[in-house]
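query.cif, holding mmCIF, C-alpha atoms:
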data_run
#
loop_
_atom_site.label_atom_id
_atom_site.label_comp_id
_atom_site.auth_asym_id
_atom_site.auth_seq_id
_atom_site.Cartn_x
_atom_site.Cartn_y
_atom_site.Cartn_z
CA MET A 1 -71.12 -3.61 -8.71
CA LYS A 2 -73.41 -0.64 -8.23
CA ASN A 3 -71.76 0.23 -4.88
CA VAL A 4 -68.37 0.01 -6.47
CA ASP A 5 -69.40 2.39 -9.27
CA GLU A 6 -70.91 4.88 -6.86
CA ARG A 7 -67.85 4.72 -4.61
CA SER A 8 -65.60 5.48 -7.57
CA GLN A 9 -67.80 8.41 -8.52
CA LEU A 10 -67.69 9.77 -4.98
CA MET A 11 -63.87 9.44 -4.74
CA ASN A 12 -63.54 11.23 -8.11
CA GLY A 13 -65.74 14.14 -6.98
CA MET A 14 -68.72 13.18 -9.17
CA GLU A 15 -72.35 13.64 -8.10
CA VAL A 16 -74.11 10.59 -6.60
CA PRO A 17 -77.52 10.33 -4.90
CA GLU A 18 -77.62 11.57 -1.31
CA ARG A 19 -78.54 8.17 0.13
CA SER A 20 -75.75 6.47 -1.74
CA ARG A 21 -73.30 9.14 -0.57
CA ARG A 22 -74.13 8.47 3.10
CA ASN A 23 -73.82 4.72 2.67
CA LEU A 24 -70.47 5.07 0.95
CA LEU A 25 -69.07 7.42 3.59
CA THR A 26 -70.19 5.03 6.29
CA TYR A 27 -68.41 2.19 4.50
CA ILE A 28 -65.16 4.12 3.97
CA TYR A 29 -64.87 5.56 7.49
CA SER A 30 -66.48 2.70 9.39
CA PRO A 31 -64.50 1.80 12.60
CA GLN A 32 -64.89 -1.86 11.80
CA LYS A 33 -63.41 -1.38 8.34
CA TYR A 34 -60.57 0.73 9.83
CA ALA A 35 -59.78 -2.05 12.30
CA MET A 36 -59.65 -4.54 9.45
CA ARG A 37 -57.26 -2.32 7.49
CA LYS A 38 -55.05 -1.91 10.59
CA THR A 39 -55.01 -5.67 11.13
CA VAL A 40 -53.94 -6.23 7.53
CA LEU A 41 -51.08 -3.71 7.84
CA ILE A 42 -49.50 -5.18 11.01
CA PRO A 43 -47.94 -8.26 9.32
CA PHE A 44 -46.31 -6.01 6.72
CA LEU A 45 -44.74 -3.93 9.51
CA PHE A 46 -43.23 -7.06 11.08
CA LEU A 47 -41.87 -8.11 7.68
CA GLY A 48 -40.21 -4.72 7.28
CA LEU A 49 -38.55 -4.94 10.71
CA ALA A 50 -37.30 -8.45 10.00
CA ALA A 51 -35.77 -7.26 6.73
CA CYS A 52 -33.94 -4.42 8.54
CA ASN A 53 -32.54 -6.81 11.15
CA GLY A 54 -31.42 -9.22 8.45
CA GLY A 55 -29.50 -6.42 6.73
CA GLY A 56 -27.65 -5.61 9.96
CA SER A 57 -26.56 -9.22 10.41
CA LYS A 58 -25.21 -9.30 6.88
CA GLN A 59 -23.09 -6.18 7.52
CA GLU A 60 -21.51 -7.71 10.64
CA THR A 61 -20.66 -10.87 8.72
CA THR A 62 -18.97 -8.84 6.00
CA THR A 63 -16.87 -6.98 8.56
CA ASP A 64 -15.71 -10.20 10.20
CA SER A 65 -14.83 -11.63 6.79
CA THR A 66 -12.77 -8.55 5.93
CA ALA A 67 -10.88 -8.76 9.23
CA THR A 68 -10.12 -12.43 8.61
CA THR A 69 -8.79 -11.62 5.14
CA ALA A 70 -6.56 -8.87 6.55
CA ASP A 71 -5.20 -11.23 9.23
CA THR A 72 -4.49 -13.89 6.62
CA THR A 73 -2.70 -11.38 4.39
CA MET A 74 -0.59 -10.24 7.34
CA HIS A 75 0.39 -13.81 8.22
CA HIS A 76 1.37 -14.48 4.60
CA HIS A 77 3.51 -11.33 4.64
CA MET A 78 5.20 -12.40 7.86
CA ASP A 79 5.83 -15.88 6.51
CA SER A 80 7.40 -14.49 3.32
CA THR A 81 9.60 -12.18 5.38
CA GLN A 82 10.80 -15.03 7.57
CA ALA A 83 11.54 -17.15 4.48
CA VAL A 84 14.11 -14.69 3.04
CA ALA A 85 17.49 -16.33 2.47
CA PRO A 86 20.39 -15.26 4.70
CA LEU A 87 23.06 -12.92 3.37
CA ALA A 88 25.31 -14.79 0.94
CA ALA A 89 29.00 -15.19 1.64
CA VAL A 90 31.41 -12.88 -0.16
CA PRO A 91 34.00 -14.60 -2.41
CA ASP A 92 37.56 -14.08 -1.15
CA SER A 93 38.64 -12.48 -4.43
CA ALA A 94 35.74 -9.98 -4.58
CA LYS A 95 36.33 -6.26 -4.09
CA VAL A 96 34.84 -2.87 -5.00
CA PHE A 97 36.67 0.29 -6.04
CA PHE A 98 36.30 3.79 -7.45
CA VAL A 99 37.49 3.65 -11.04
CA ASN A 100 38.42 7.33 -11.33
CA LEU A 101 38.94 8.47 -7.72
CA LYS A 102 42.05 8.17 -5.56
CA ASN A 103 42.53 8.99 -1.91
CA GLY A 104 43.43 12.68 -1.48
CA GLN A 105 42.27 13.66 -4.96
CA LYS A 106 41.07 17.19 -5.68
CA ILE A 107 37.89 17.44 -7.75
CA LYS A 108 35.30 19.97 -8.84
CA SER A 109 31.55 19.62 -8.34
CA PRO A 110 29.63 18.19 -10.06
CA TYR A 111 31.92 15.20 -10.55
CA LYS A 112 31.22 12.08 -12.59
CA VAL A 113 32.08 9.06 -10.43
CA GLU A 114 32.72 5.64 -11.96
CA MET A 115 32.20 2.52 -9.78
CA GLY A 116 33.76 -0.90 -10.22
CA VAL A 117 33.58 -4.39 -8.71
CA LYS A 118 35.54 -7.63 -9.20
CA GLY A 119 34.41 -11.16 -8.38
CA MET A 120 30.70 -10.15 -8.28
CA ALA A 121 28.04 -9.43 -10.89
CA VAL A 122 26.18 -6.12 -11.06
CA ASP A 123 22.39 -6.63 -11.07
CA SER A 124 19.30 -4.56 -10.38
CA ALA A 125 17.81 -4.60 -6.90
CA GLY A 126 14.73 -6.67 -6.13
CA LYS A 127 15.95 -10.24 -6.62
CA LEU A 128 18.51 -12.30 -4.81
CA LYS A 129 21.12 -13.80 -7.10
CA PRO A 130 24.31 -15.60 -6.09
CA ASN A 131 27.50 -13.52 -6.23
CA SER A 132 25.72 -10.36 -7.34
CA GLY A 133 24.57 -6.99 -6.02
CA HIS A 134 24.60 -3.25 -6.72
CA PHE A 135 26.40 -0.09 -5.62
CA HIS A 136 25.76 2.48 -2.92
CA ILE A 137 27.75 5.63 -2.17
CA LEU A 138 27.99 6.93 1.39
CA ILE A 139 28.86 10.61 1.69
CA ASP A 140 30.51 11.45 5.03
CA ALA A 141 28.57 8.55 6.54
CA GLY A 142 31.20 6.07 7.70
CA ASP A 143 33.51 3.56 6.09
CA SER A 144 30.88 0.83 5.66
CA THR A 145 27.43 -0.38 6.65
CA ALA A 146 27.36 -3.44 8.92
CA ALA A 147 27.00 -6.72 7.05
CA GLY A 148 23.37 -7.83 6.70
CA THR A 149 22.02 -4.34 7.48
CA VAL A 150 19.80 -2.68 4.88
CA VAL A 151 21.56 0.42 3.59
CA PRO A 152 19.49 3.52 4.46
CA LYS A 153 18.21 5.70 1.65
CA ASP A 154 18.74 9.44 2.17
CA SER A 155 20.87 12.34 1.03
CA THR A 156 24.06 10.72 2.40
CA HIS A 157 23.28 7.13 1.36
CA LEU A 158 22.81 7.00 -2.41
CA HIS A 159 21.32 3.88 -4.01
CA PHE A 160 22.02 2.62 -7.51
CA GLY A 161 19.50 -0.22 -7.70
CA ASN A 162 19.22 -0.13 -11.48
CA ALA A 163 22.71 -1.61 -11.83
CA GLN A 164 24.28 1.79 -12.58
CA LYS A 165 28.06 1.91 -12.70
CA GLU A 166 28.46 5.68 -12.78
CA THR A 167 26.80 8.77 -11.37
CA GLU A 168 27.29 12.52 -11.05
CA LEU A 169 27.94 13.76 -7.53
CA LYS A 170 27.19 17.32 -6.46
CA LEU A 171 29.27 18.10 -3.37
CA THR A 172 29.81 21.26 -1.35
CA PRO A 173 33.31 22.78 -1.39
CA GLY A 174 35.72 21.29 1.15
CA GLU A 175 36.80 17.84 2.26
CA HIS A 176 34.54 14.80 2.00
CA ARG A 177 34.91 11.10 2.64
CA LEU A 178 33.23 8.92 0.01
CA THR A 179 32.54 5.23 0.61
CA LEU A 180 31.55 2.74 -2.04
CA GLN A 181 29.39 0.02 -0.48
CA TYR A 182 28.16 -3.11 -2.23
CA ALA A 183 24.86 -4.75 -1.23
CA ASP A 184 22.63 -7.62 -2.38
CA GLY A 185 19.27 -7.47 -4.17
CA LEU A 186 17.50 -6.53 -0.94
CA HIS A 187 19.92 -3.65 -0.25
CA ARG A 188 21.55 -5.66 2.54
CA SER A 189 25.15 -4.57 2.93
CA TYR A 190 27.98 -7.03 2.33
CA GLY A 191 29.86 -5.15 5.03
CA ALA A 192 33.47 -4.00 5.11
CA LYS A 193 34.57 -6.84 2.81
CA LEU A 194 32.89 -5.08 -0.12
CA ALA A 195 33.45 -1.45 0.82
CA THR A 196 36.16 1.08 0.10
CA SER A 197 36.63 4.73 1.09
CA VAL A 198 38.54 7.73 -0.25
CA ASN A 199 39.03 11.31 0.95
CA VAL A 200 38.51 14.02 -1.65
CA THR A 201 38.72 17.80 -1.63
CA VAL A 202 36.08 19.66 -3.58
CA GLN A 203 37.46 22.92 -4.97
CA LYS A 204 35.40 26.07 -5.36
#
What do you get writing this file as structure tokens?
Amino acid sequence: MKNVDERSQLMNGMEVPERSRRNLLTYIYSPQKYAMRKTVLIPFLFLGLAACNGGGSKQETTTDSTATTADTTMHHHMDSTQAVAPLAAVPDSAKVFFVNLKNGQKIKSPYKVEMGVKGMAVDSAGKLKPNSGHFHILIDAGDSTAAGTVVPKDSTHLHFGNAQKETELKLTPGEHRLTLQYADGLHRSYGAKLATSVNVTVQK
């Protein structure tokens, strides 16, 4: 206990007898004691390295798991795409038409266009329902979109997927060909059977 007290005093800068000071310094800086301290530290170094390696293995496992999840999600998406029902047949009596536009009509822009359909229901896009669909207007983009083809969405292919039956068209002055195209809940065209076109002249 005495050595312990004197060692504490020496480490704290307090005065201790000269003989005790030499003995304590010999104890603290003794090569044998240093070797013992080094031997005690080595196992802790190995434990630290093992912990680092274990962390790396865990990261690789996480990455593989993520990749597997992504692959599974992709396969599910592909399966759901392949399971989509084919385009439904169009009833013989069904037809689409412009309510307030006739071929050769002169109009001013903007013009409120009204759209109509017979033999089919008008529903929002997103779900497939029998004998139903929604409108699209093609501006100078052909007389119809091929049956089963998804109608493009751009400045010349206007979509009305919220079951709208009217819209306001802003057209440049001159002649234009407008086509009313009906499509199912996935925007797949019903083809020429449910399409109609008119030529109009937009006056300045």
Result set, the PyMOL selection byres ((chain A and resi 107-110) around 10) on current file, as a ChimeraX atom specification:
/A:101,104-106,111-113,167-174,200-204
Taking the file above as input, evaluate the PyMOL selection byres ((chain A and resi 195-199) around 10) and report the hits as a PyMOL selection string.
chain A and resi 95-98+101-106+117+135-140+142-145+175-183+189-194+200-202
Go ahead and find all residues with at least one atom no further than 12 Å from (26.6, -10.6, -13.1) in the file's coordinates, using all atoms listed in the file; report them as a VMD selection string.
chain A and resid 117 to 124 128 to 134 163 184 to 185
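With CA of Ala147 in chain A on one side and CA of Arg188 in chain A on the other, the separation reads 7.2 Å.
One finds CA of Leu87 in chain A at 25.5 Å from CA of Ser155 in chain A.
CA of Lys153 in chain A sits 12.5 Å away from CA of Leu186 in chain A.
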Produce the centre coordinates and the three edge lengths, each in Å to one decimal, of the box along x, y and z that contains all listed atoms of range 185-191 of chain A with 6 Å added on each side, as AutoDock Vina command-line options.
--center_x 23.7 --center_y -5.6 --center_z 0.4 --size_x 24.4 --size_y 15.8 --size_z 21.2
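The nearest approach to Lys165 in chain A among the residues A:Ala125, A:Val151, A:Ala146, A:Met115, with all atoms listed in the file taken into account, belongs to A:Met115.
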